[in-house]
>>> print(open('query_36.pdb').read())   # PDB, C-alpha atoms and all ligand atoms
ATOM      1  CA  MET A   9       3.583   0.100  12.520
ATOM      2  CA  PHE A  10       0.023   0.557  11.259
ATOM      3  CA  GLU A  11      -1.487   0.838  14.751
ATOM      4  CA  GLU A  12      -2.571   4.189  13.386
ATOM      5  CA  PHE A  13      -2.982   5.648   9.921
ATOM      6  CA  VAL A  14       0.302   5.946   7.992
ATOM      7  CA  LEU A  15       0.584   8.280   5.018
ATOM      8  CA  THR A  16       3.295   7.066   2.660
ATOM      9  CA  ALA A  17       5.037   9.069  -0.018
ATOM     10  CA  SER A  18       5.193   6.641  -2.917
ATOM     11  CA  THR A  19       8.347   6.924  -4.996
ATOM     12  CA  ALA A  20      10.981   5.167  -7.072
ATOM     13  CA  ASP A  21      13.592   7.695  -5.952
ATOM     14  CA  LEU A  22      14.642   7.720  -2.292
ATOM     15  CA  SER A  23      16.248  11.152  -2.656
ATOM     16  CA  GLU A  24      12.662  12.484  -2.537
ATOM     17  CA  GLU A  25      12.506  11.594   1.164
ATOM     18  CA  SER A  26      13.666  15.017   2.302
ATOM     19  CA  ALA A  27      10.827  16.654   0.390
ATOM     20  CA  ALA A  28       8.341  14.050   1.669
ATOM     21  CA  ARG A  29       9.294  14.462   5.345
ATOM     22  CA  GLU A  30       7.109  17.483   5.941
ATOM     23  CA  HIS A  31       3.914  15.628   5.015
ATOM     24  CA  ALA A  32       4.511  11.877   5.086
ATOM     25  CA  ASP A  33       4.831   9.346   7.924
ATOM     26  CA  ALA A  34       6.764   6.858   5.757
ATOM     27  CA  VAL A  35       8.051   6.313   2.229
ATOM     28  CA  GLU A  36       6.774   3.563  -0.059
ATOM     29  CA  PHE A  37       9.809   2.599  -2.133
ATOM     30  CA  ARG A  38       8.608   1.166  -5.455
ATOM     31  CA  MET A  39      11.617  -1.031  -6.148
ATOM     32  CA  ASP A  40      10.077  -2.321  -9.386
ATOM     33  CA  LEU A  41      10.015   1.220 -10.817
ATOM     34  CA  ALA A  42      13.433   2.238  -9.461
ATOM     35  CA  SER A  43      16.857   2.198 -11.024
ATOM     36  CA  ASP A  44      19.427   0.427  -8.838
ATOM     37  CA  PRO A  45      16.972  -0.164  -5.992
ATOM     38  CA  LEU A  46      19.418  -2.097  -3.795
ATOM     39  CA  ASP A  47      22.060   0.629  -4.132
ATOM     40  CA  GLN A  48      19.469   3.255  -3.268
ATOM     41  CA  LEU A  49      18.536   1.257  -0.159
ATOM     42  CA  ALA A  50      22.160   0.776   0.857
ATOM     43  CA  SER A  51      22.829   4.511   0.778
ATOM     44  CA  TYR A  52      19.477   5.628   2.237
ATOM     45  CA  ASP A  53      20.007   7.867   5.250
ATOM     46  CA  GLY A  54      16.603   9.515   5.487
ATOM     47  CA  GLU A  55      14.449   9.834   8.607
ATOM     48  CA  LEU A  56      11.234   8.265   7.373
ATOM     49  CA  PRO A  57      10.771   4.487   7.664
ATOM     50  CA  LEU A  58      10.398   2.587   4.409
ATOM     51  CA  VAL A  59       7.648   0.336   3.101
ATOM     52  CA  VAL A  60       9.253  -1.703   0.318
ATOM     53  CA  THR A  61       7.200  -2.803  -2.669
ATOM     54  CA  ASN A  62       8.511  -4.788  -5.632
ATOM     55  CA  ARG A  63       5.259  -5.068  -7.548
ATOM     56  CA  ALA A  64       4.961  -8.100  -9.825
ATOM     57  CA  SER A  65       4.129  -7.541 -13.493
ATOM     58  CA  TRP A  66       1.094  -9.799 -13.101
ATOM     59  CA  GLU A  67      -0.248  -7.383 -10.456
ATOM     60  CA  GLY A  68       0.282  -4.162 -12.404
ATOM     61  CA  GLY A  69       3.956  -3.567 -11.565
ATOM     62  CA  GLU A  70       7.194  -3.902 -13.476
ATOM     63  CA  ALA A  71       9.025  -6.675 -11.609
ATOM     64  CA  GLU A  72       9.386  -9.872 -13.634
ATOM     65  CA  GLY A  73       9.849 -13.350 -12.223
ATOM     66  CA  LEU A  74      10.816 -14.760  -8.855
ATOM     67  CA  GLY A  75      14.033 -12.717  -8.602
ATOM     68  CA  ARG A  76      11.977  -9.929  -7.075
ATOM     69  CA  TYR A  77      11.843 -11.936  -3.846
ATOM     70  CA  ASP A  78      15.648 -11.906  -3.590
ATOM     71  CA  ALA A  79      15.653  -8.122  -3.779
ATOM     72  CA  LEU A  80      12.909  -7.959  -1.146
ATOM     73  CA  SER A  81      14.762 -10.336   1.214
ATOM     74  CA  ASP A  82      17.790  -8.099   0.915
ATOM     75  CA  ALA A  83      15.657  -5.039   1.592
ATOM     76  CA  ILE A  84      14.029  -6.359   4.775
ATOM     77  CA  GLY A  85      17.462  -6.757   6.356
ATOM     78  CA  ARG A  86      17.904  -2.978   6.320
ATOM     79  CA  GLU A  87      17.309  -1.024   9.498
ATOM     80  CA  SER A  88      15.288   1.594   7.621
ATOM     81  CA  VAL A  89      12.737  -0.916   6.290
ATOM     82  CA  ALA A  90       9.658  -1.173   8.507
ATOM     83  CA  ALA A  91       7.247  -2.980   6.192
ATOM     84  CA  VAL A  92       7.166  -5.093   3.051
ATOM     85  CA  ASP A  93       4.334  -5.415   0.526
ATOM     86  CA  VAL A  94       3.535  -8.924  -0.729
ATOM     87  CA  GLU A  95       0.783  -9.780  -3.216
ATOM     88  CA  LEU A  96      -2.075 -11.765  -1.666
ATOM     89  CA  ALA A  97      -2.342 -14.065  -4.716
ATOM     90  CA  ALA A  98       1.232 -15.196  -4.058
ATOM     91  CA  LEU A  99       0.717 -15.651  -0.303
ATOM     92  CA  ARG A 100      -2.506 -17.601  -0.840
ATOM     93  CA  GLY A 101      -1.090 -19.798  -3.580
ATOM     94  CA  THR A 102      -3.830 -18.767  -6.017
ATOM     95  CA  HIS A 103      -1.241 -17.562  -8.557
ATOM     96  CA  PRO A 104      -0.705 -20.251 -11.240
ATOM     97  CA  GLU A 105       3.080 -20.370 -10.648
ATOM     98  CA  PRO A 106       3.396 -22.674  -7.603
ATOM     99  CA  ALA A 107       6.839 -21.288  -6.641
ATOM    100  CA  GLU A 108       5.208 -17.893  -5.986
ATOM    101  CA  ALA A 109       3.587 -19.268  -2.830
ATOM    102  CA  SER A 110       6.743 -20.799  -1.351
ATOM    103  CA  HIS A 111       8.740 -17.627  -2.059
ATOM    104  CA  ALA A 112       6.044 -15.336  -0.694
ATOM    105  CA  THR A 113       5.526 -17.281   2.514
ATOM    106  CA  ALA A 114       9.283 -17.598   3.091
ATOM    107  CA  LEU A 115       9.595 -13.834   2.651
ATOM    108  CA  ARG A 116       6.779 -13.301   5.136
ATOM    109  CA  ASP A 117       8.530 -15.566   7.682
ATOM    110  CA  ALA A 118      11.793 -13.688   7.207
ATOM    111  CA  ALA A 119      10.010 -10.348   7.563
ATOM    112  CA  ARG A 120       8.376 -11.421  10.812
ATOM    113  CA  GLU A 121      11.680 -12.594  12.172
ATOM    114  CA  ALA A 122      13.215  -9.226  11.318
ATOM    115  CA  GLY A 123      10.330  -7.325  12.940
ATOM    116  CA  VAL A 124       9.179  -6.025   9.549
ATOM    117  CA  ALA A 125       5.411  -5.684   9.042
ATOM    118  CA  VAL A 126       3.729  -7.414   6.081
ATOM    119  CA  VAL A 127       1.196  -5.690   3.855
ATOM    120  CA  ALA A 128      -0.780  -8.325   1.899
ATOM    121  CA  SER A 129      -2.079  -6.561  -1.178
ATOM    122  CA  VAL A 130      -4.766  -6.997  -3.803
ATOM    123  CA  HIS A 131      -5.340  -4.813  -6.883
ATOM    124  CA  ASP A 132      -8.180  -4.760  -9.385
ATOM    125  CA  PHE A 133      -7.310  -2.585 -12.377
ATOM    126  CA  GLU A 134     -10.699  -2.990 -14.026
ATOM    127  CA  SER A 135     -13.532  -2.662 -11.584
ATOM    128  CA  THR A 136     -14.806  -2.582  -8.021
ATOM    129  CA  PRO A 137     -16.710  -5.695  -6.910
ATOM    130  CA  GLU A 138     -19.800  -5.543  -4.655
ATOM    131  CA  PRO A 139     -19.204  -4.606  -0.993
ATOM    132  CA  ALA A 140     -19.626  -8.189   0.274
ATOM    133  CA  ALA A 141     -16.919  -9.409  -2.119
ATOM    134  CA  LEU A 142     -14.666  -6.524  -1.061
ATOM    135  CA  VAL A 143     -15.120  -7.455   2.606
ATOM    136  CA  ASP A 144     -14.185 -11.078   1.805
ATOM    137  CA  LEU A 145     -11.046  -9.946  -0.023
ATOM    138  CA  LEU A 146     -10.108  -7.676   2.863
ATOM    139  CA  ALA A 147     -10.650 -10.448   5.406
ATOM    140  CA  ASP A 148      -8.445 -12.791   3.335
ATOM    141  CA  ALA A 149      -5.725 -10.181   2.909
ATOM    142  CA  ALA A 150      -5.799  -9.154   6.578
ATOM    143  CA  SER A 151      -5.446 -12.789   7.623
ATOM    144  CA  GLU A 152      -2.298 -13.220   5.487
ATOM    145  CA  GLY A 153      -0.513 -10.039   6.536
ATOM    146  CA  ASP A 154      -0.365  -7.505   9.342
ATOM    147  CA  VAL A 155      -2.481  -5.275   7.108
ATOM    148  CA  GLY A 156      -4.694  -6.322   4.190
ATOM    149  CA  LYS A 157      -4.605  -3.792   1.381
ATOM    150  CA  LEU A 158      -7.152  -3.494  -1.392
ATOM    151  CA  ALA A 159      -7.024  -1.059  -4.315
ATOM    152  CA  THR A 160      -9.779  -1.356  -6.915
ATOM    153  CA  THR A 161     -10.773   0.727  -9.923
ATOM    154  CA  ALA A 162     -13.783   2.998  -9.560
ATOM    155  CA  THR A 163     -15.655   3.818 -12.744
ATOM    156  CA  ALA A 164     -18.704   5.357 -11.013
ATOM    157  CA  PRO A 165     -19.542   6.982  -7.660
ATOM    158  CA  ALA A 166     -21.215   3.766  -6.445
ATOM    159  CA  ASP A 167     -17.821   2.055  -6.581
ATOM    160  CA  ALA A 168     -16.377   4.590  -4.168
ATOM    161  CA  LEU A 169     -19.329   4.052  -1.828
ATOM    162  CA  ALA A 170     -18.808   0.280  -2.001
ATOM    163  CA  MET A 171     -15.178   0.704  -0.947
ATOM    164  CA  ILE A 172     -16.075   3.014   1.933
ATOM    165  CA  GLU A 173     -18.740   0.588   3.127
ATOM    166  CA  ALA A 174     -16.396  -2.397   2.858
ATOM    167  CA  THR A 175     -13.695  -0.521   4.781
ATOM    168  CA  HIS A 176     -16.162   0.197   7.563
ATOM    169  CA  GLU A 177     -17.430  -3.387   7.700
ATOM    170  CA  ALA A 178     -14.029  -5.040   7.583
ATOM    171  CA  THR A 179     -12.713  -2.714  10.292
ATOM    172  CA  ALA A 180     -15.791  -3.304  12.460
ATOM    173  CA  ALA A 181     -15.179  -7.059  12.078
ATOM    174  CA  GLY A 182     -11.692  -6.552  13.536
ATOM    175  CA  HIS A 183      -9.600  -6.697  10.352
ATOM    176  CA  ARG A 184      -6.710  -4.300   9.903
ATOM    177  CA  VAL A 185      -7.030  -2.947   6.388
ATOM    178  CA  ALA A 186      -5.821  -0.319   3.942
ATOM    179  CA  THR A 187      -8.191   0.695   1.148
ATOM    180  CA  MET A 188      -8.428   3.054  -1.782
ATOM    181  CA  CYS A 189      -9.966   3.336  -5.216
ATOM    182  CA  MET A 190      -7.943   4.030  -8.314
ATOM    183  CA  GLY A 191      -9.426   6.260 -11.014
ATOM    184  CA  GLU A 192     -11.105   9.660 -10.951
ATOM    185  CA  PRO A 193     -14.551   8.708  -9.561
ATOM    186  CA  GLY A 194     -12.869   7.060  -6.594
ATOM    187  CA  ARG A 195     -10.238   9.670  -5.848
ATOM    188  CA  HIS A 196     -11.982  10.994  -2.732
ATOM    189  CA  THR A 197     -11.864   7.524  -1.115
ATOM    190  CA  ARG A 198      -8.164   8.240  -0.502
ATOM    191  CA  ALA A 199      -9.125  11.040   1.861
ATOM    192  CA  VAL A 200     -12.238   9.401   3.305
ATOM    193  CA  THR A 201     -11.487   5.701   3.954
ATOM    194  CA  PRO A 202      -9.004   6.576   6.739
ATOM    195  CA  LEU A 203     -12.053   7.837   8.674
ATOM    196  CA  TYR A 204     -13.501   4.316   8.401
ATOM    197  CA  GLY A 205     -10.353   2.520   9.491
ATOM    198  CA  SER A 206      -7.987   2.440   6.521
ATOM    199  CA  ARG A 207      -4.400   2.380   7.847
ATOM    200  CA  ILE A 208      -2.308   3.331   4.808
ATOM    201  CA  GLY A 209      -2.467   6.114   2.226
ATOM    202  CA  TYR A 210      -0.274   6.463  -0.874
ATOM    203  CA  ALA A 211       0.605   9.672  -2.657
ATOM    204  CA  PRO A 212       3.419  10.921  -4.897
ATOM    205  CA  VAL A 213       5.629  13.812  -3.779
ATOM    206  CA  ASP A 214       5.578  15.035  -7.367
ATOM    207  CA  PRO A 215       2.193  14.429  -9.058
ATOM    208  CA  ALA A 216       4.031  13.787 -12.345
ATOM    209  CA  ASN A 217       5.324  10.558 -10.752
ATOM    210  CA  ALA A 218       2.035   9.072  -9.539
ATOM    211  CA  THR A 219       2.257   5.316  -8.894
ATOM    212  CA  ALA A 220      -1.479   4.733  -9.504
ATOM    213  CA  PRO A 221      -4.300   6.514 -11.324
ATOM    214  CA  GLY A 222      -6.226   9.055  -9.267
ATOM    215  CA  GLN A 223      -3.654   9.725  -6.545
ATOM    216  CA  TYR A 224      -3.642  13.168  -4.930
ATOM    217  CA  PRO A 225      -0.296  14.911  -4.510
ATOM    218  CA  LEU A 226       1.196  14.142  -1.077
ATOM    219  CA  ALA A 227       0.701  17.601   0.457
ATOM    220  CA  THR A 228      -2.933  17.671  -0.721
ATOM    221  CA  LEU A 229      -3.770  14.261   0.715
ATOM    222  CA  ARG A 230      -2.200  15.177   4.059
ATOM    223  CA  GLU A 231      -4.237  18.368   4.182
ATOM    224  CA  LEU A 232      -7.473  16.614   3.221
ATOM    225  CA  ILE A 233      -7.058  13.843   5.796
ATOM    226  CA  ASP A 234      -6.037  16.184   8.601
ATOM    227  CA  GLY A 235      -8.800  18.615   7.661
ATOM    228  CA  LEU A 236     -11.487  15.925   7.797
ATOM    229  CA  ARG A 237     -10.219  14.751  11.186
ATOM    230  CA  GLU A 238      -9.857  18.114  12.871
ATOM    231  CA  GLY A 239     -13.550  18.885  13.168
ATOM    232  CA  GLY A 240     -15.334  22.237  12.979
ATOM    233  CA  ALA A 241     -14.797  25.618  14.587
ATOM    234  CA  ASP A 242     -16.394  24.478  17.845
ATOM    235  CA  ALA A 243     -14.377  21.266  18.099
TER     236      ALA A 243
HETATM  237  O1  LIG A 301      -0.772  -0.799  -3.708
HETATM  238  C1  LIG A 301      -0.530   0.384  -3.742
HETATM  239  C2  LIG A 301      -1.584   1.376  -3.790
HETATM  240  C3  LIG A 301      -1.498   2.153  -5.081
HETATM  241  O2  LIG A 301      -1.786   1.292  -6.147
HETATM  242  C4  LIG A 301      -2.537   3.269  -5.053
HETATM  243  O3  LIG A 301      -3.611   3.059  -5.646
HETATM  244  O4  LIG A 301      -2.274   4.316  -4.474
HETATM  245  C5  LIG A 301      -0.085   2.748  -5.216
HETATM  246  C6  LIG A 301       0.997   1.697  -5.139
HETATM  247  O5  LIG A 301       2.270   2.312  -5.192
HETATM  248  C7  LIG A 301       0.859   0.916  -3.868
HETATM  249  O6  LIG A 301       1.783  -0.136  -3.843
END
>>> encode(input="query_36.pdb", output="structure tokens")
Amino acid sequence: MFEEFVLTASTADLSEESAAREHADAVEFRMDLASDPLDQLASYDGELPLVVTNRASWEGGEAEGLGRYDALSDAIGRESVAAVDVELAALRGTHPEPAEASHATALRDAAREAGVAVVASVHDFESTPEPAALVDLLADAASEGDVGKLATTATAPADALAMIEATHEATAAGHRVATMCMGEPGRHTRAVTPLYGSRIGYAPVDPANATAPGQYPLATLRELIDGLREGGADA
């Protein structure tokens, strides 16, 4: 997975998979936002592969404590699960709770053994650092997972440009990355960074259930990305 760009339908409700199928390559299952996530996984019989995310509260999600790793270890044993998202701060041991690192690295080992890809993720809900700092973060994240994902908050057009530039540089340096800006001024990065190497996009099936600020609806993002790739009338 992630040899090529993967558009995920991000949801807390796996019954949305049938509606997502037309436009998405995979489903991101936000276990932290879901009710009965393990039951939903057990009864999932959709066609799209799943990327499971159990976002920690300290990284903008709703999962509290180390118990979220137990749910993720359960999830990666399912046939339908192709990738698992793990926060870079936990993998790197930079989170103040030391047990985060041992849990995160054990989960990564288990994922690799099960043939499940690891997305090492970083979020900045306030700002977008300078391009050089973004490239460093992407290099760190890519070295800890099969894909390094970075989502920052754009408050001005220059932030979007910084993310596009960093995506290009990190990809040119051989790192496998997924990038996007949250927030209105960075919305277009979701359609554009795939042209510079970003491997994962996130979009809600129903815009009322967006999992981050500034996401396009799924069908719109698919159309934008495909449209930008197709070329002009003489292509
Ligand atoms: O990390 C990401 C990216 C995201 O935050 C976004 O900005 O689209 C949406 C989340 O569901 C996902 O886990």
>>> resolve_selection(input="query_36.pdb", expression="the PyMOL selection byres (((chain A and resi 173) around 10) and not hetatm)", output="NGL selection string")
:A and (138-140 or 142-143 or 167-172 or 174-179 or 201 or 204)
>>> resolve_selection(input="query_36.pdb", expression="the PyMOL selection byres (((chain A and resi 212-227) around 6) and not hetatm)", output="list in words")
Ala17, Ser18, His31, Met190, Gly191, Glu192, Arg195, Ala211, Thr228, Leu229 and Arg230 of chain A
>>> closest_residue(input="query_36.pdb", among="A:Arg120, A:Arg100, A:His131, A:Arg76", to="ligand LIG 301 (chain A)", atoms="only C-alpha atoms and all ligand atoms")
A:His131
>>> resolve_selection(input="query_36.pdb", expression="the PyMOL selection byres (((chain A and resi 53) around 12) and not hetatm)", output="PyMOL selection string")
chain A and resi 22-26+48-52+54-58+86-89
>>> atom_distance(input="query_36.pdb", atom1="atom CA of A:Pro137", atom2="atom CA of A:Gly194")
13.3 Å
>>> closest_residue(input="query_36.pdb", among="A:Val14, A:Ala114, A:Cys189, A:Ala125", to="A:Ala164", atoms="only C-alpha atoms")
A:Cys189
>>> axis_aligned_box(input="query_36.pdb", around="ligand LIG 301 (chain A)", padding_each_side="6 Å", output="lines of an AutoDock Vina configuration file")
center_x = -0.7
center_y = 1.8
center_z = -4.9
size_x = 17.9
size_y = 17.1
size_z = 14.4
>>> residues_around(input="query_36.pdb", residues="A:Gly101", least_positions_apart="3", cutoff="12 Å", atoms="only C-alpha atoms", output="ChimeraX atom specification")
/A:95-98,104-113,152
>>> closest_residue(input="query_36.pdb", among="A:Ser151, A:Ser129, A:Thr16, A:Thr102", to="A:Glu67", atoms="all atoms listed in the file")
A:Ser129
>>> closest_residue(input="query_36.pdb", among="A:Leu236, A:Ala166, A:Leu115, A:Ala27", to="A:Asp82", atoms="all atoms listed in the file")
A:Leu115
>>> closest_residue(input="query_36.pdb", among="A:Ala186, A:Leu203, A:Leu41, A:Ala147", to="A:Ser65", atoms="only C-alpha atoms")
A:Leu41
>>> closest_residue(input="query_36.pdb", among="A:Ala71, A:Ala159, A:Val124, A:Val92", to="ligand LIG 301 (chain A)", atoms="only C-alpha atoms and all ligand atoms")
A:Ala159
>>> atom_distance(input="query_36.pdb", atom1="atom CA of A:Ala141", atom2="atom CA of A:Thr163")
17.0 Å
>>> decode(input="query_36.pdb", residues="stretch 29-47 of chain A", atoms="N, CA and C atoms", output="PDB file, in the first residue's frame")
ATOM      1  N   ARG A  29     -17.187   3.827  -1.792  1.00  0.00           N
ATOM      2  CA  ARG A  29     -16.553   2.939  -2.782  1.00  0.00           C
ATOM      3  C   ARG A  29     -16.355   3.574  -4.149  1.00  0.00           C
ATOM      4  N   GLU A  30     -17.339   4.351  -4.558  1.00  0.00           N
ATOM      5  CA  GLU A  30     -17.282   4.952  -5.892  1.00  0.00           C
ATOM      6  C   GLU A  30     -16.080   5.884  -6.048  1.00  0.00           C
ATOM      7  N   HIS A  31     -15.670   6.533  -4.963  1.00  0.00           N
ATOM      8  CA  HIS A  31     -14.642   7.575  -5.078  1.00  0.00           C
ATOM      9  C   HIS A  31     -13.345   7.269  -4.341  1.00  0.00           C
ATOM     10  N   ALA A  32     -13.403   6.424  -3.325  1.00  0.00           N
ATOM     11  CA  ALA A  32     -12.240   6.244  -2.453  1.00  0.00           C
ATOM     12  C   ALA A  32     -11.458   4.980  -2.803  1.00  0.00           C
ATOM     13  N   ASP A  33     -10.171   4.967  -2.428  1.00  0.00           N
ATOM     14  CA  ASP A  33      -9.340   3.767  -2.596  1.00  0.00           C
ATOM     15  C   ASP A  33      -9.299   2.959  -1.297  1.00  0.00           C
ATOM     16  N   ALA A  34      -9.617   3.628  -0.176  1.00  0.00           N
ATOM     17  CA  ALA A  34      -9.553   2.993   1.143  1.00  0.00           C
ATOM     18  C   ALA A  34     -10.450   3.788   2.083  1.00  0.00           C
ATOM     19  N   VAL A  35     -10.652   3.239   3.274  1.00  0.00           N
ATOM     20  CA  VAL A  35     -11.416   3.948   4.308  1.00  0.00           C
ATOM     21  C   VAL A  35     -10.492   4.197   5.484  1.00  0.00           C
ATOM     22  N   GLU A  36     -10.435   5.437   5.972  1.00  0.00           N
ATOM     23  CA  GLU A  36      -9.769   5.684   7.257  1.00  0.00           C
ATOM     24  C   GLU A  36     -10.828   5.551   8.341  1.00  0.00           C
ATOM     25  N   PHE A  37     -10.661   4.549   9.206  1.00  0.00           N
ATOM     26  CA  PHE A  37     -11.627   4.332  10.284  1.00  0.00           C
ATOM     27  C   PHE A  37     -11.121   5.050  11.537  1.00  0.00           C
ATOM     28  N   ARG A  38     -11.805   6.135  11.900  1.00  0.00           N
ATOM     29  CA  ARG A  38     -11.424   6.906  13.088  1.00  0.00           C
ATOM     30  C   ARG A  38     -12.025   6.239  14.320  1.00  0.00           C
ATOM     31  N   MET A  39     -11.283   5.271  14.854  1.00  0.00           N
ATOM     32  CA  MET A  39     -11.772   4.490  15.986  1.00  0.00           C
ATOM     33  C   MET A  39     -12.059   5.379  17.204  1.00  0.00           C
ATOM     34  N   ASP A  40     -11.261   6.443  17.356  1.00  0.00           N
ATOM     35  CA  ASP A  40     -11.451   7.310  18.529  1.00  0.00           C
ATOM     36  C   ASP A  40     -12.770   8.076  18.473  1.00  0.00           C
ATOM     37  N   LEU A  41     -13.337   8.237  17.279  1.00  0.00           N
ATOM     38  CA  LEU A  41     -14.592   8.980  17.137  1.00  0.00           C
ATOM     39  C   LEU A  41     -15.790   8.033  17.005  1.00  0.00           C
ATOM     40  N   ALA A  42     -15.511   6.724  16.972  1.00  0.00           N
ATOM     41  CA  ALA A  42     -16.561   5.747  16.658  1.00  0.00           C
ATOM     42  C   ALA A  42     -17.222   5.205  17.910  1.00  0.00           C
ATOM     43  N   SER A  43     -18.483   4.773  17.766  1.00  0.00           N
ATOM     44  CA  SER A  43     -19.065   3.994  18.855  1.00  0.00           C
ATOM     45  C   SER A  43     -18.863   2.513  18.523  1.00  0.00           C
ATOM     46  N   ASP A  44     -18.502   1.751  19.525  1.00  0.00           N
ATOM     47  CA  ASP A  44     -18.209   0.319  19.382  1.00  0.00           C
ATOM     48  C   ASP A  44     -17.271   0.003  18.221  1.00  0.00           C
ATOM     49  N   PRO A  45     -16.088   0.624  18.199  1.00  0.00           N
ATOM     50  CA  PRO A  45     -15.205   0.424  17.049  1.00  0.00           C
ATOM     51  C   PRO A  45     -14.816  -1.033  16.801  1.00  0.00           C
ATOM     52  N   LEU A  46     -14.601  -1.810  17.863  1.00  0.00           N
ATOM     53  CA  LEU A  46     -14.161  -3.197  17.635  1.00  0.00           C
ATOM     54  C   LEU A  46     -15.304  -4.048  17.077  1.00  0.00           C
ATOM     55  N   ASP A  47     -16.530  -3.750  17.495  1.00  0.00           N
ATOM     56  CA  ASP A  47     -17.686  -4.456  16.920  1.00  0.00           C
ATOM     57  C   ASP A  47     -17.857  -4.077  15.454  1.00  0.00           C
TER      58      ASP A  47
END
